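As structure tokens, the structure follows; a few thoughts come after it.
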Amino acid sequence: MRIAFYAPLKSPNHPVASGDRQMARTLIKALEHGGHSVELASELRFYLREPETKSFDALKVEAREEAARLTRLWDHDGKPDLWFCYHPYYKAPDLIGPELASAFAVPYVTAEASYSRRRNTGLWADTQALVARAVEQAALNICFTQRDRQGLTDAIPDAAFGMLSPFIDTSVFRETPAPVCSTHLVAVAMMRPGDKVESYRMLARALGSIGYLPWTMSVAGDGPAREEVKAQFAGLPADRIEWLGAIEPAAVPDVLYGGGIYVWPGFGEAYGVAYLEAQAAGLPVVAQDIAGVPEVVRHGRTGFLTPPGDVAAFASAIERLLTRNDERTVMAAEARRFVLEERSLGVAAARLAELLADIPIS
């Protein structure tokens, strides 16, 4: 099948690394692994940081121009078999695909679309209406988490849905982890205002309460809130924390392989690709039982999920893994097995093939 792929929030070729960009790239790999031909339909970024009518109108003009360009291209070279839109939501609706798919009788598919009624105010209500129409039009909406599916079904109950568990390309984690210092903690996350800073703040407070234990930590990540993040850890011994700054995605496995436990609270995480990567490297996870995190961490088997906002419980879970090496070792092995066997590219490709097989192609 010839698939036109589009990610309105962030193109797979965007220069700034993020979980969103990574999943877009991994989805393309999974589709190609399943024998499909995938072409990036457009690199137009439709992202509204704030609900500004002027910016929205300007982006709509760009979208119309891009749709006109693709119309000419398809008239000349032939249309694709399917339009695949990754991660449309209220700040980044797809203003290209639905119209083109309808005009050319091409099936329209979304993956990781989301809808939240609490965003239905002002301009966000208008952009969510665009998402809702696209979801309703879609031959299939592929959901990564039950949370996203519930939000969509509550708003658009008659739409077509299918589930695909979050996954990663596990090929870079095939190397068997060597014995490491089990008291070395790792966190990989961007440093930006909002949920990321809130997670760093909670992590610093938790570590401060277990300073009597011999833990050390590596933190990989950077961003506009760097100084605010570091300030949260100012009361902790500086020689215990290694600030790695921004690292290339290819360097992440080595950082993870050097750790013993992955610690990240996860405020606002859709699910968290980094949790899957950490487990693939043989690290049990300590996170909160929040948002989409339970979709990628098995509580009591591959890590611990603590009540949202409970710093003491979060610290206690880290302490447990720091002091019970046998339990940590068992969880590490199960974490690695879980991701390599259940959340790999091959498993995802097979599931995508099942989901797309029922879509009639003209």
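Chain labels run A, B, ... following the order of the structure tokens; each chain numbers its residues from 1, and ligands are numbered from 1 in the order shown.
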Check which residues of range 261-309 of chain A sit at most 12 Å from range 218-226 of chain A using only C-alpha atoms, and return one row each with the closest pair of atoms and their distance in Å to one decimal, ordered by chain and rising number, as a Markdown table.
| residue | atom | partner | partner_atom | distance |
| --- | --- | --- | --- | --- |
| A:Ile261 | CA | A:Ser218 | CA | 10.6 |
| A:Tyr262 | CA | A:Ser218 | CA | 9.9 |
| A:Val263 | CA | A:Val219 | CA | 9.9 |
| A:Trp264 | CA | A:Val219 | CA | 10.3 |
| A:Ala274 | CA | A:Ala220 | CA | 11.2 |
Selected residues written out, all heavy atoms, as a PDB file, in the first residue's frame:
ATOM      1  N   ILE A 261      18.340   2.056  37.723  1.00  0.00           N
ATOM      2  CA  ILE A 261      16.910   2.319  37.920  1.00  0.00           C
ATOM      3  C   ILE A 261      16.546   3.584  37.141  1.00  0.00           C
ATOM      4  O   ILE A 261      17.286   4.570  37.171  1.00  0.00           O
ATOM      5  CB  ILE A 261      16.573   2.537  39.413  1.00  0.00           C
ATOM      6  CG1 ILE A 261      17.063   1.366  40.266  1.00  0.00           C
ATOM      7  CG2 ILE A 261      15.068   2.732  39.606  1.00  0.00           C
ATOM      8  CD1 ILE A 261      17.040   1.664  41.769  1.00  0.00           C
ATOM      9  N   TYR A 262      15.406   3.551  36.464  1.00  0.00           N
ATOM     10  CA  TYR A 262      14.930   4.731  35.750  1.00  0.00           C
ATOM     11  C   TYR A 262      13.894   5.441  36.603  1.00  0.00           C
ATOM     12  O   TYR A 262      12.909   4.822  37.036  1.00  0.00           O
ATOM     13  CB  TYR A 262      14.319   4.347  34.404  1.00  0.00           C
ATOM     14  CG  TYR A 262      14.037   5.543  33.523  1.00  0.00           C
ATOM     15  CD1 TYR A 262      15.053   6.139  32.786  1.00  0.00           C
ATOM     16  CD2 TYR A 262      12.759   6.090  33.447  1.00  0.00           C
ATOM     17  CE1 TYR A 262      14.808   7.246  31.986  1.00  0.00           C
ATOM     18  CE2 TYR A 262      12.504   7.199  32.656  1.00  0.00           C
ATOM     19  CZ  TYR A 262      13.544   7.773  31.932  1.00  0.00           C
ATOM     20  OH  TYR A 262      13.298   8.881  31.148  1.00  0.00           O
ATOM     21  N   VAL A 263      14.112   6.724  36.875  1.00  0.00           N
ATOM     22  CA  VAL A 263      13.221   7.479  37.759  1.00  0.00           C
ATOM     23  C   VAL A 263      12.677   8.707  37.042  1.00  0.00           C
ATOM     24  O   VAL A 263      13.426   9.586  36.637  1.00  0.00           O
ATOM     25  CB  VAL A 263      13.947   7.888  39.063  1.00  0.00           C
ATOM     26  CG1 VAL A 263      14.245   6.664  39.909  1.00  0.00           C
ATOM     27  CG2 VAL A 263      15.257   8.625  38.772  1.00  0.00           C
ATOM     28  N   TRP A 264      11.374   8.764  36.871  1.00  0.00           N
ATOM     29  CA  TRP A 264      10.758   9.929  36.248  1.00  0.00           C
ATOM     30  C   TRP A 264       9.284   9.974  36.630  1.00  0.00           C
ATOM     31  O   TRP A 264       8.525   9.053  36.282  1.00  0.00           O
ATOM     32  CB  TRP A 264      10.911   9.890  34.732  1.00  0.00           C
ATOM     33  CG  TRP A 264      10.359  11.107  34.057  1.00  0.00           C
ATOM     34  CD1 TRP A 264       9.294  11.179  33.215  1.00  0.00           C
ATOM     35  CD2 TRP A 264      10.841  12.461  34.197  1.00  0.00           C
ATOM     36  NE1 TRP A 264       9.076  12.478  32.822  1.00  0.00           N
ATOM     37  CE2 TRP A 264      10.013  13.283  33.406  1.00  0.00           C
ATOM     38  CE3 TRP A 264      11.888  13.044  34.920  1.00  0.00           C
ATOM     39  CZ2 TRP A 264      10.204  14.658  33.320  1.00  0.00           C
ATOM     40  CZ3 TRP A 264      12.082  14.422  34.835  1.00  0.00           C
ATOM     41  CH2 TRP A 264      11.245  15.214  34.031  1.00  0.00           C
ATOM     42  N   ALA A 274      10.370   7.106  26.596  1.00  0.00           N
ATOM     43  CA  ALA A 274      11.582   6.897  27.403  1.00  0.00           C
ATOM     44  C   ALA A 274      11.414   5.756  28.392  1.00  0.00           C
ATOM     45  O   ALA A 274      12.384   5.055  28.709  1.00  0.00           O
ATOM     46  CB  ALA A 274      11.949   8.185  28.138  1.00  0.00           C
TER      47      ALA A 274
END
Check your understanding: What are the DSSP strand (DSSP E or B) residues of range 98-309 of chain A, as a PyMOL selection string?
Key -> chain A and resi 108-111+140-143+161-163+184-188+216-220+241-245+261-263+285-288+299+303-306
Review point. Residues of range 122-283 of chain A in helix (DSSP H, G or I) according to DSSP, as number ranges by chain?
Key: A: 122-137, 146-155, 170-173, 195-209, 226-232, 238-240, 249-257, 273-280
With range 25-44 of chain A as the partner and 9 Å as the cut-off, tabulate the residues of range 108-218 of chain A that qualify, each row holding the nearest pair of atoms and their distance in Å to one decimal, using only C-alpha atoms, sorted by chain and rising number, as CSV.
residue,atom,partner,partner_atom,distance
A:Phe167,CA,A:Thr26,CA,8.2
A:Ile168,CA,A:Thr26,CA,6.6
A:Asp169,CA,A:Thr26,CA,6.6
Check your understanding: Using only C-alpha atoms, which residue out of A:Glu175, A:Glu112, A:Glu327, A:Glu66 lies closest to Tyr86 in chain A?
Key ->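 Among A:Glu175, A:Glu112, A:Glu327, A:Glu66, it is A:Glu112 that comes nearest to Tyr86 in chain A.
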Review point. Which residues come within 10 Å of Glu277 in chain A, counting only C-alpha atoms, excluding same-chain residues fewer than 2 positions away, as a list in words?
Key: Phe167, Ile168, Asp169, Thr170, Val172, Phe173, Val252, Pro253, Leu256, Tyr262, Gly272, Val273, Ala274, Tyr275, Gln279, Ala280, Ala281, Gly282, Leu283, Ala335, Arg336, Val339 and Leu340 of chain A
Selection near Asp239 in chain A, 12 Å with only C-alpha atoms, sequence-local residues under 6 positions removed, as a PDB file with N, CA and C atoms, in the first residue's frame:
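Okay, around_30.pdb is ready:
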ATOM      1  N   PRO A 214      23.110   5.554  49.198  1.00  0.00           N
ATOM      2  CA  PRO A 214      24.252   5.885  48.327  1.00  0.00           C
ATOM      3  C   PRO A 214      23.906   5.945  46.842  1.00  0.00           C
ATOM      4  N   TRP A 215      22.862   6.675  46.494  1.00  0.00           N
ATOM      5  CA  TRP A 215      22.499   6.784  45.086  1.00  0.00           C
ATOM      6  C   TRP A 215      23.317   7.842  44.367  1.00  0.00           C
ATOM      7  N   THR A 216      23.478   7.666  43.055  1.00  0.00           N
ATOM      8  CA  THR A 216      23.999   8.692  42.160  1.00  0.00           C
ATOM      9  C   THR A 216      23.030   8.761  40.988  1.00  0.00           C
ATOM     10  N   MET A 217      23.125   9.817  40.170  1.00  0.00           N
ATOM     11  CA  MET A 217      22.151   9.948  39.086  1.00  0.00           C
ATOM     12  C   MET A 217      22.743  10.656  37.874  1.00  0.00           C
ATOM     13  N   SER A 218      22.326  10.206  36.686  1.00  0.00           N
ATOM     14  CA  SER A 218      22.630  10.894  35.428  1.00  0.00           C
ATOM     15  C   SER A 218      21.330  11.454  34.873  1.00  0.00           C
ATOM     16  N   PHE A 233      17.455  21.080  42.371  1.00  0.00           N
ATOM     17  CA  PHE A 233      18.388  20.097  42.917  1.00  0.00           C
ATOM     18  C   PHE A 233      19.539  20.753  43.691  1.00  0.00           C
TER      19      PHE A 233
END
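Atom to atom, CA of Phe161 in chain A and CA of Arg119 in chain A stand 21.8 Å apart.
Proximity to Ala113 in chain A was assessed for A:Ile290, A:Val131, A:Ala231, A:Met1 counting only C-alpha atoms; the smallest distance is recorded for A:Val131.
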Review point. Near Glu342 in chain A, counting only C-alpha atoms, which residues have an atom at most 10 Å away, once you skip same-chain residues fewer than 4 positions from it, shown as JSON, numbers by chain?
Key: {"A": [165, 166, 167, 336, 337, 338, 346, 347, 348]}
How would the residues just chosen look if you wrote them out with N, CA, C and O atoms as a JSON list (two decimals), in the first residue's frame?
[["chain", "number", "residue", "atom", "x", "y", "z"],
["A", 165, "SER", "N", -0.65, -0.80, 20.99],
["A", 165, "SER", "CA", 0.13, -0.47, 22.19],
["A", 165, "SER", "C", 1.37, 0.33, 21.82],
["A", 165, "SER", "O", 1.99, 0.08, 20.78],
["A", 166, "PRO", "N", 1.76, 1.32, 22.64],
["A", 166, "PRO", "CA", 2.99, 2.06, 22.39],
["A", 166, "PRO", "C", 4.17, 1.11, 22.24],
["A", 166, "PRO", "O", 4.26, 0.10, 22.94],
["A", 167, "PHE", "N", 5.09, 1.45, 21.33],
["A", 167, "PHE", "CA", 6.19, 0.55, 21.02],
["A", 167, "PHE", "C", 7.43, 1.36, 20.65],
["A", 167, "PHE", "O", 7.36, 2.58, 20.46],
["A", 336, "ARG", "N", 12.91, -5.86, 30.61],
["A", 336, "ARG", "CA", 13.54, -6.07, 29.30],
["A", 336, "ARG", "C", 12.74, -7.06, 28.46],
["A", 336, "ARG", "O", 12.51, -6.83, 27.27],
["A", 337, "ARG", "N", 12.29, -8.15, 29.07],
["A", 337, "ARG", "CA", 11.50, -9.13, 28.33],
["A", 337, "ARG", "C", 10.21, -8.50, 27.80],
["A", 337, "ARG", "O", 9.83, -8.70, 26.64],
["A", 338, "PHE", "N", 9.54, -7.73, 28.65],
["A", 338, "PHE", "CA", 8.28, -7.09, 28.29],
["A", 338, "PHE", "C", 8.42, -6.25, 27.02],
["A", 338, "PHE", "O", 7.62, -6.38, 26.08],
["A", 346, "GLY", "N", 8.55, -5.17, 15.28],
["A", 346, "GLY", "CA", 7.91, -6.29, 14.59],
["A", 346, "GLY", "C", 6.51, -6.56, 15.08],
["A", 346, "GLY", "O", 5.59, -6.82, 14.28],
["A", 347, "VAL", "N", 6.33, -6.51, 16.40],
["A", 347, "VAL", "CA", 5.00, -6.72, 16.97],
["A", 347, "VAL", "C", 4.05, -5.62, 16.52],
["A", 347, "VAL", "O", 2.90, -5.88, 16.15],
["A", 348, "ALA", "N", 4.52, -4.38, 16.52],
["A", 348, "ALA", "CA", 3.69, -3.25, 16.10],
["A", 348, "ALA", "C", 3.35, -3.35, 14.62],
["A", 348, "ALA", "O", 2.22, -3.04, 14.22]]
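CA of Ala67 in chain A to CA of Leu100 in chain A spans 6.9 Å [interatomic distance, one decimal].
Computed from the coordinates, the CA of Gln128 in chain A to CA of Glu62 in chain A distance equals 19.0 Å.
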Point to revise | Near-Arg21 in chain A list (9 Å; only C-alpha atoms; drop same-chain fewer than 3 positions) as a ChimeraX atom specification | key: /A:7,9-14,16-18,24-26
Please dump the current selection as an mmCIF file, in the first residue's frame; keep N, CA and C atoms.
data_model
loop_
_atom_site.group_PDB
_atom_site.id
_atom_site.type_symbol
_atom_site.label_atom_id
_atom_site.label_comp_id
_atom_site.auth_asym_id
_atom_site.auth_seq_id
_atom_site.Cartn_x
_atom_site.Cartn_y
_atom_site.Cartn_z
ATOM 1 N N ALA A 7 2.318 14.456 9.931
ATOM 2 C CA ALA A 7 2.304 14.738 11.365
ATOM 3 C C ALA A 7 2.232 16.257 11.541
ATOM 4 N N LEU A 9 1.817 18.261 14.102
ATOM 5 C CA LEU A 9 2.526 18.867 15.230
ATOM 6 C C LEU A 9 4.017 18.991 14.970
ATOM 7 N N LYS A 10 4.618 17.924 14.472
ATOM 8 C CA LYS A 10 6.055 17.943 14.251
ATOM 9 C C LYS A 10 6.429 16.900 13.212
ATOM 10 N N SER A 11 7.019 17.355 12.119
ATOM 11 C CA SER A 11 7.435 16.447 11.057
ATOM 12 C C SER A 11 8.473 15.454 11.578
ATOM 13 N N PRO A 12 8.496 14.242 11.037
ATOM 14 C CA PRO A 12 9.559 13.295 11.388
ATOM 15 C C PRO A 12 10.950 13.847 11.108
ATOM 16 N N ASN A 13 11.035 14.851 10.242
ATOM 17 C CA ASN A 13 12.325 15.463 9.898
ATOM 18 C C ASN A 13 12.623 16.722 10.708
ATOM 19 N N HIS A 14 11.787 17.046 11.676
ATOM 20 C CA HIS A 14 11.999 18.254 12.480
ATOM 21 C C HIS A 14 13.358 18.174 13.184
ATOM 22 N N VAL A 16 14.422 19.314 16.040
ATOM 23 C CA VAL A 16 14.435 19.195 17.494
ATOM 24 C C VAL A 16 13.894 17.828 17.915
ATOM 25 N N ALA A 17 14.728 17.095 18.637
ATOM 26 C CA ALA A 17 14.318 15.765 19.095
ATOM 27 C C ALA A 17 13.193 15.865 20.117
ATOM 28 N N SER A 18 12.282 14.902 20.079
ATOM 29 C CA SER A 18 11.193 14.831 21.050
ATOM 30 C C SER A 18 10.563 13.455 20.934
ATOM 31 N N ALA A 24 6.723 9.360 15.491
ATOM 32 C CA ALA A 24 6.394 9.509 14.070
ATOM 33 C C ALA A 24 7.366 8.695 13.218
ATOM 34 N N ARG A 25 8.649 8.799 13.536
ATOM 35 C CA ARG A 25 9.653 8.049 12.786
ATOM 36 C C ARG A 25 9.467 6.540 12.974
ATOM 37 N N THR A 26 9.148 6.138 14.195
ATOM 38 C CA THR A 26 9.009 4.709 14.477
ATOM 39 C C THR A 26 7.760 4.146 13.813
#
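Among A:Asp289, A:Glu334, A:Pro284, A:Ser316, the residue with the shortest atom-to-atom distance to Ser182 in chain A, counting only C-alpha atoms, is A:Pro284.
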